[in-house]
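**Student:** My structure is below; once you've seen it, I'll send some questions.
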Amino acid sequence: MSQPSHDDHHDDHGHQSRFIQHHYDDAQHQFDSGKLGIWFFLVQEILFFSALFVAYILYRHHHPEIYAYAHHYLDVKWGAINTAVLIVSSLSAAWAVRCAQLAQRRGLIACLVITIVCALGFLGIKTIEYSHKVHEHILWGKYFDPCVASAGNHLLNKGNNCPGVKTSIVWDAKAGKAKSGCLEGDYDHNPDEAGVQGKCEVVEVVGANRRPIEACEEKAGGHGPAKFPCYELALNRHVCPAGPAAMVLYGDHGHHGGAIEVKCEAVPAPAAPADAFADPTHVPSTGERTFAQKKAKTKHELAHEFASGAPPEHTNMFFSIYFAMTGLHGIHVLVGVFIFIWLLWRAIRGDFTPDYFGPIDYAALYWHLVDLIWIFLFPLLYLIH
Amino acid sequence: MSAAVDTNASYLTATRGWKSWAYTLDHKRIGMMYLFGILGALLLGGAFALLVRAELWSPGHTIAGKDAYNKFFTLHGAVMVFLVIIPGLPAALGNMILPIQLGAPDVAFPKLNLTSFYLWVVGALLLLVAVFTGGLDTGWTFYTPYSLQTQTAVIPAVLGAFVLGFSSIFTGLNFLVTIHKFRPKAMGWFQMPLNLWALYSTALMQVLATPVLGITLLLLFVERFMHIGIFDPNLGGDPVLFQHFFWFYSHPAVYIMIVPAMGVISEIMTTFSRKPIFGYRFIAYSSIALALFSFLVWGHHMFVSGQSKLANMVFSALTFSVGIPSAIKVFNWVSTLYKGDIRLQTPMLYALSFLVMFTIGGLTGIFLAILSIDVQLHDTYFVVAHFHYVMMGSTLIAFVGALHYWWPKVTGKMYPERVARVAAVGVFIGFNLTFLPQFVMGSRGMPRRYWDYDPEFQIFHRLSTVGAFLLGVSLFGVVCYLMWSLKYGTKAPQNPWGGTTLEWDAPTPPTVFNFPEPPEIHELYNYDDLEELPEGGWVRKPSSGAKSSGGH
């Protein structure tokens, strides 16, 4: 209380902590009240996250293919390390409470420091993960744009508003040739500029927004400095029969430098599960899969789809939910860091005694909840598909 | 720190200077500051209401254009809901009275209490920023996708409501812990005044429901600011999801509004009938039942949103059942009045008004729970009239009645009784004149939130506008004479109404820690213990002494 009242009432113990507030009967009363208070606070924190879990469940139910596809973008290794880091920090937080109860000031300080270090480690790993995604434009909602090419990596299709040629070519920049993939989409017919067996069209391999993967000064419009030759791809239209179906012709625009055979092994993009009721004249036969029943794909099939197909429409929603959940969780971790730093300062100052250690206890409880929420997030986002 | 505080002085004068108020940890001072803020917000929200009603005097343009009109009704709703009605009873009156009724020196977490108050101030400032930087025209409900597209000040308004949500959560948390941990040994759960049961139930809802509003508003903010896409159909999101999230909070929110009002009415009914409350346990349990049931019925705001028929039927059935605890209370209040020695002072006038208007508001809510009827009446003035009868005709009326009931205790002054009665009658007539015609025109098809209307509705709108101004003048008059009484009112006796709950045993106004020494717990609602003094006020009879600690 702000009033510096005479301690004429309750000071029965000469060594009662000066942090026992005046309106409480004794230290136990204050501790119990604070404990009940922090539990109510944690309950409301759970409800605060609840809407995001509900959104996760709803989108997963309605669009399972998005989750099957998009989780490949997440690195389980980092997620698992983060999980271990948080569990260790929960242990050190609980240990800190014990040290405070036993008046072990040095142990208390050490445990608080470990907790803070682990929390910062968690945030550091999150920064690594996020920065990778920012670099690849694997972002939320409107900004999900994985077509941005980065040398040597998969060119993946954009799921939303993606102009230009959709391509699933896996390009090996070192070897200067395509490794696998398939071309689809509209392009000009130029049957005379062939080079391949059979009917073929000429097309340019471009990345997002029709920018060439590697700039070509001769290109009409001149996009950027020439570093590598341009490429043209000639292949059968509408792609992907069995056997060789494509040729990569490389060289300067208008000249051919050579041809590489590209084996087309792509599988069409995983579309939304066929809705058996979409066609009103269709009568599902016994055992036919309806909307709700999706045939489980093997890991190999899924990896294949990932490597060569277009992202399902609205894959951006997965990342909206991913960033919302991990972002909100990360904010709570950051707040926890500040709280523990404050407690560390107070512990160094010697504020905590066996009859007054409430703040450590309450902060540790908060920290356990933060850890628990991550333990839910990790499998939901990283593991299950 | 300065010299010690005189713990036997009135809390109002024990320490002086603006800092002693700005940094106070005394729940009574915090409650008083809340009260002034809330009354100010009431006048602001009321001004927007009068702008709405003035514009609707005639079809088409009367005093403002369509866009301005949209802002008037939105800001009226946002200010009233978030700044007045939700915080009103718990934060202002709850803060002032709860610890005293409990026999405690303060709430469990006084610093958190002050934090709650400053969060209210920050939220209010953010809403004011919204008012002055382009206003808001989405309706107080912020429905997507329009709230994602409008160029008005959605972001400050949403942030303001978010901050206000935390003010509410922390107040609720404080009250819950106080009631659990600061009740005297002799006051078990069923020896608590019903006002405390109501505040407990309200606090439960505040803690459990408000975080969902928090995350919803946060998502709306992130959606607008960063295009996360969760509510935007162009990006793959679902606008109806917003409605689900929003109403999951906002339905319990309306019970956060009404339950403390019911608690106050229980107190006033029993005191001014000089009779124990009828059905104490039923009223107590019904408060808790309302807290739980209120979470199950949010879909009744969304019957025409496109949700499934099954959902519609389930929510309709659950909404019928949520009317039952409220009805139980009404029956118990009426039974309390029966054969009571009824005193018609101002608090009782407001309580009787409440009884009439809550019955109307509650029953019309049941009408709206009927699916086939709601399809016709959704988004018409019928709904507007329904919720004004419960939010204003019930909650605000109870708030004003509670203000009069406890005014002598917290200020030490009596308000002018005769003027107050006139104002109470003005409020009652003005309110019903405003909103009864709205039931009629709603049932005849007048849509809500419309700036223009067919000439057939004009007479109803005009009656409504006249009523609104009468109501506004009366309420403004109430605020005026209450302020007047602070300086010129007569000194209040310790127990002007003969109440039996603990606050009437505290000094008037209370001392800094409420009671000079721990109070004796008397039998609840036992009016035989009190006798009336010729000069006004009541005292405990000398022979009635120690508490019968039986009765657990």
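Simple scheme: letters A, B, ... for chains in structure tokens order, numbers from 1 for residues in each chain, numbers from 1 for ligands in the order shown.
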Identify all chain A residues at most 8 Å from chain B by counting only C-alpha atoms; ligands do not count. Present them as a ChimeraX atom specification.
**Tutor:** /A:1-6,23,29,32-33,36-37,40-41,43-45,47-51,140-143,314,316-317,320-321
**Student:** Keeping only N, CA and C atoms, write those residues as a compact mmCIF listing (two decimals), in the first residue's frame.
**Tutor:**
```txt
# COMPACT_ATOMS: atom_id res chain seq x y z
N MET A 1 0.86 -1.19 0.00
CA MET A 1 0.00 0.00 0.00
C MET A 1 0.90 1.24 0.00
N SER A 2 0.37 2.33 -0.48
CA SER A 2 1.21 3.51 -0.57
C SER A 2 1.38 4.16 0.78
N GLN A 3 0.39 3.97 1.65
CA GLN A 3 0.52 4.62 2.95
C GLN A 3 1.59 3.94 3.78
N PRO A 4 2.52 4.70 4.27
CA PRO A 4 3.59 4.13 5.11
C PRO A 4 3.08 4.00 6.54
N SER A 5 2.11 3.12 6.70
CA SER A 5 1.44 3.07 8.00
C SER A 5 2.39 2.58 9.07
N HIS A 6 2.10 2.96 10.28
CA HIS A 6 2.82 2.38 11.40
C HIS A 6 2.52 0.90 11.40
N HIS A 23 -2.66 -5.10 3.87
CA HIS A 23 -4.04 -5.58 4.00
C HIS A 23 -4.11 -7.10 4.14
N HIS A 29 -1.15 -15.72 3.72
CA HIS A 29 -2.36 -15.16 3.12
C HIS A 29 -2.01 -14.48 1.80
N ASP A 32 -1.04 -17.20 -0.84
CA ASP A 32 -2.20 -17.94 -1.35
C ASP A 32 -3.02 -17.08 -2.30
N SER A 33 -3.19 -15.82 -1.93
CA SER A 33 -3.98 -14.95 -2.80
C SER A 33 -3.29 -14.76 -4.14
N LEU A 36 -3.68 -17.89 -6.28
CA LEU A 36 -5.00 -17.98 -6.93
C LEU A 36 -5.07 -16.99 -8.07
N GLY A 37 -4.51 -15.81 -7.84
CA GLY A 37 -4.53 -14.78 -8.87
C GLY A 37 -3.79 -15.22 -10.12
N PHE A 40 -5.81 -17.76 -12.11
CA PHE A 40 -6.86 -17.15 -12.92
C PHE A 40 -6.25 -16.48 -14.15
N PHE A 41 -5.10 -15.86 -13.98
CA PHE A 41 -4.45 -15.21 -15.11
C PHE A 41 -4.09 -16.23 -16.17
N VAL A 43 -5.51 -19.09 -16.77
CA VAL A 43 -6.73 -19.55 -17.44
C VAL A 43 -7.11 -18.57 -18.54
N GLN A 44 -6.98 -17.28 -18.25
CA GLN A 44 -7.38 -16.34 -19.30
C GLN A 44 -6.35 -16.34 -20.43
N GLU A 45 -5.10 -16.64 -20.13
CA GLU A 45 -4.11 -16.74 -21.19
C GLU A 45 -4.46 -17.90 -22.14
N LEU A 47 -7.41 -18.99 -22.77
CA LEU A 47 -8.51 -18.53 -23.61
C LEU A 47 -8.03 -17.54 -24.65
N PHE A 48 -7.00 -16.78 -24.34
CA PHE A 48 -6.46 -15.82 -25.29
C PHE A 48 -5.92 -16.54 -26.52
N PHE A 49 -5.26 -17.69 -26.31
CA PHE A 49 -4.74 -18.46 -27.44
C PHE A 49 -5.81 -19.29 -28.13
N SER A 50 -6.94 -19.45 -27.43
CA SER A 50 -7.93 -20.42 -27.90
C SER A 50 -8.41 -20.15 -29.31
N ALA A 51 -8.62 -18.87 -29.63
CA ALA A 51 -9.17 -18.58 -30.95
C ALA A 51 -8.22 -19.05 -32.04
N TRP A 140 2.83 -14.69 -44.57
CA TRP A 140 1.41 -14.88 -44.29
C TRP A 140 0.54 -14.22 -45.36
N GLY A 141 -0.67 -14.71 -45.46
CA GLY A 141 -1.73 -14.05 -46.20
C GLY A 141 -1.30 -13.52 -47.55
N LYS A 142 -1.40 -12.20 -47.63
CA LYS A 142 -1.16 -11.54 -48.91
C LYS A 142 0.28 -11.68 -49.38
N TYR A 143 1.17 -11.90 -48.46
CA TYR A 143 2.60 -11.83 -48.82
C TYR A 143 3.24 -13.17 -49.07
N HIS A 314 -4.59 -21.31 -51.45
CA HIS A 314 -4.71 -20.83 -50.07
C HIS A 314 -3.71 -21.46 -49.12
N ASN A 316 -1.29 -19.97 -48.33
CA ASN A 316 -0.92 -18.82 -47.51
C ASN A 316 -1.62 -18.85 -46.15
N MET A 317 -2.80 -19.46 -46.08
CA MET A 317 -3.52 -19.48 -44.80
C MET A 317 -2.77 -20.30 -43.76
N SER A 320 -0.40 -17.94 -42.39
CA SER A 320 -1.05 -16.94 -41.54
C SER A 320 -1.22 -17.51 -40.14
N ILE A 321 -1.73 -18.72 -40.09
CA ILE A 321 -1.95 -19.33 -38.78
C ILE A 321 -0.62 -19.63 -38.10
```
**Student:** Check segment 281-522 of chain B with DSSP on the backbone and list each residue it calls alpha helix (DSSP H), as a ChimeraX atom specification.
**Tutor:** /B:281-293,309-337,346-369,371-377,381-390,397-411,417-443,458-488
**Student:** Between A:Trp39, A:Tyr73, A:Phe352, A:Trp374, single out the one closest to Glu129 of chain A, counting only C-alpha atoms.
**Tutor:**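 Checking each candidate against Glu129 of chain A, we get A:Tyr73 as the closest.
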**Student:** Could you name the residues that touch Gly498 of chain B at 8 Å or less, counting only C-alpha atoms, but leaving out those on the same chain fewer than 6 positions away, as a CSV table (one decimal) with N, CA and C atoms, in the first residue's frame?
**Tutor:**
```
chain,number,residue,atom,x,y,z
B,271,THR,N,-33.9,-4.1,0.9
B,271,THR,CA,-33.8,-3.0,1.8
B,271,THR,C,-35.0,-2.2,1.8
B,504,TRP,N,-23.1,-0.8,5.6
B,504,TRP,CA,-23.9,0.2,6.4
B,504,TRP,C,-23.4,0.3,7.8
B,527,TYR,N,-34.0,-7.5,9.2
B,527,TYR,CA,-34.4,-6.1,9.5
B,527,TYR,C,-34.9,-5.9,10.9
B,530,LEU,N,-32.8,-3.6,13.2
B,530,LEU,CA,-32.6,-2.1,13.0
B,530,LEU,C,-33.8,-1.4,13.4
B,531,GLU,N,-33.6,-0.1,13.9
B,531,GLU,CA,-34.7,0.7,14.2
B,531,GLU,C,-34.5,2.1,13.5
B,532,GLU,N,-35.6,2.7,13.2
B,532,GLU,CA,-35.5,4.0,12.5
B,532,GLU,C,-35.3,5.2,13.5
B,537,GLY,N,-32.5,8.0,9.0
B,537,GLY,CA,-31.4,7.1,9.2
B,537,GLY,C,-31.8,5.9,10.1
B,538,TRP,N,-31.0,4.9,10.1
B,538,TRP,CA,-31.3,3.7,10.9
B,538,TRP,C,-30.1,3.3,11.7
B,539,VAL,N,-30.4,2.7,12.9
B,539,VAL,CA,-29.3,2.2,13.7
B,539,VAL,C,-29.6,0.7,14.1
```
**Student:** Show which residues sit within 12 Å of Val400 of chain B, as a ChimeraX atom specification. Count only C-alpha atoms, and ignore same-chain residues fewer than 6 positions away.
**Tutor:** /B:35,38-39,42,85,88-89,92-93,261,264-265,268,346-351,353-354,392-394,406-407,420,423-424,427-428,474-479,482
**Student:** Can you list, as a list in words, every protein, DNA or RNA residue that comes within 12 Å of Tyr382 of chain A when you count only C-alpha atoms, leaving out same-chain residues fewer than 3 positions away?
**Tutor:** Tyr67, Ala68, Tyr69, Ala70, His71, His72, Tyr73, Leu74, Asp75, Val76, Lys77, Trp78, Gly79, Ala80, Asn82, Thr83, Phe318, Phe319, Tyr322, Thr326, Trp374, Ile375, Phe376, Leu377, Phe378, Pro379 and His385 of chain A
**Student:** Contacts of segment 293-296 of chain B at 8 Å or less, counting only C-alpha atoms, minus same-chain residues fewer than 4 places along, as a compact mmCIF listing (two decimals) with N, CA and C atoms, in the first residue's frame?
**Tutor:**
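Generated file (result_3.txt):
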```
# COMPACT_ATOMS: atom_id res chain seq x y z
N ALA B 209 -14.24 -14.72 -20.61
CA ALA B 209 -14.70 -14.33 -21.95
C ALA B 209 -13.85 -13.25 -22.59
N PHE B 248 -18.55 -14.86 -29.37
CA PHE B 248 -18.20 -15.74 -28.26
C PHE B 248 -17.86 -14.92 -27.03
N TYR B 249 -17.23 -13.73 -27.22
CA TYR B 249 -17.06 -12.82 -26.10
C TYR B 249 -18.32 -12.00 -25.86
N HIS B 251 -21.42 -12.16 -26.31
CA HIS B 251 -22.61 -12.58 -25.60
C HIS B 251 -22.38 -12.63 -24.08
N PRO B 252 -21.35 -13.35 -23.60
CA PRO B 252 -21.07 -13.21 -22.16
C PRO B 252 -20.92 -11.75 -21.73
N TYR B 255 -23.97 -10.37 -20.40
CA TYR B 255 -24.24 -10.84 -19.04
C TYR B 255 -23.32 -10.19 -18.03
N ALA B 289 -25.33 -19.71 -12.69
CA ALA B 289 -25.87 -20.37 -13.89
C ALA B 289 -25.78 -19.45 -15.09
N PHE B 315 -28.54 -23.38 -30.94
CA PHE B 315 -28.42 -22.10 -30.26
C PHE B 315 -29.78 -21.55 -29.84
N LEU B 318 -30.76 -23.42 -26.66
CA LEU B 318 -29.95 -22.98 -25.52
C LEU B 318 -30.33 -21.57 -25.09
N VAL B 322 -31.33 -20.08 -21.37
CA VAL B 322 -30.60 -19.04 -20.64
C VAL B 322 -31.53 -18.00 -20.06
```
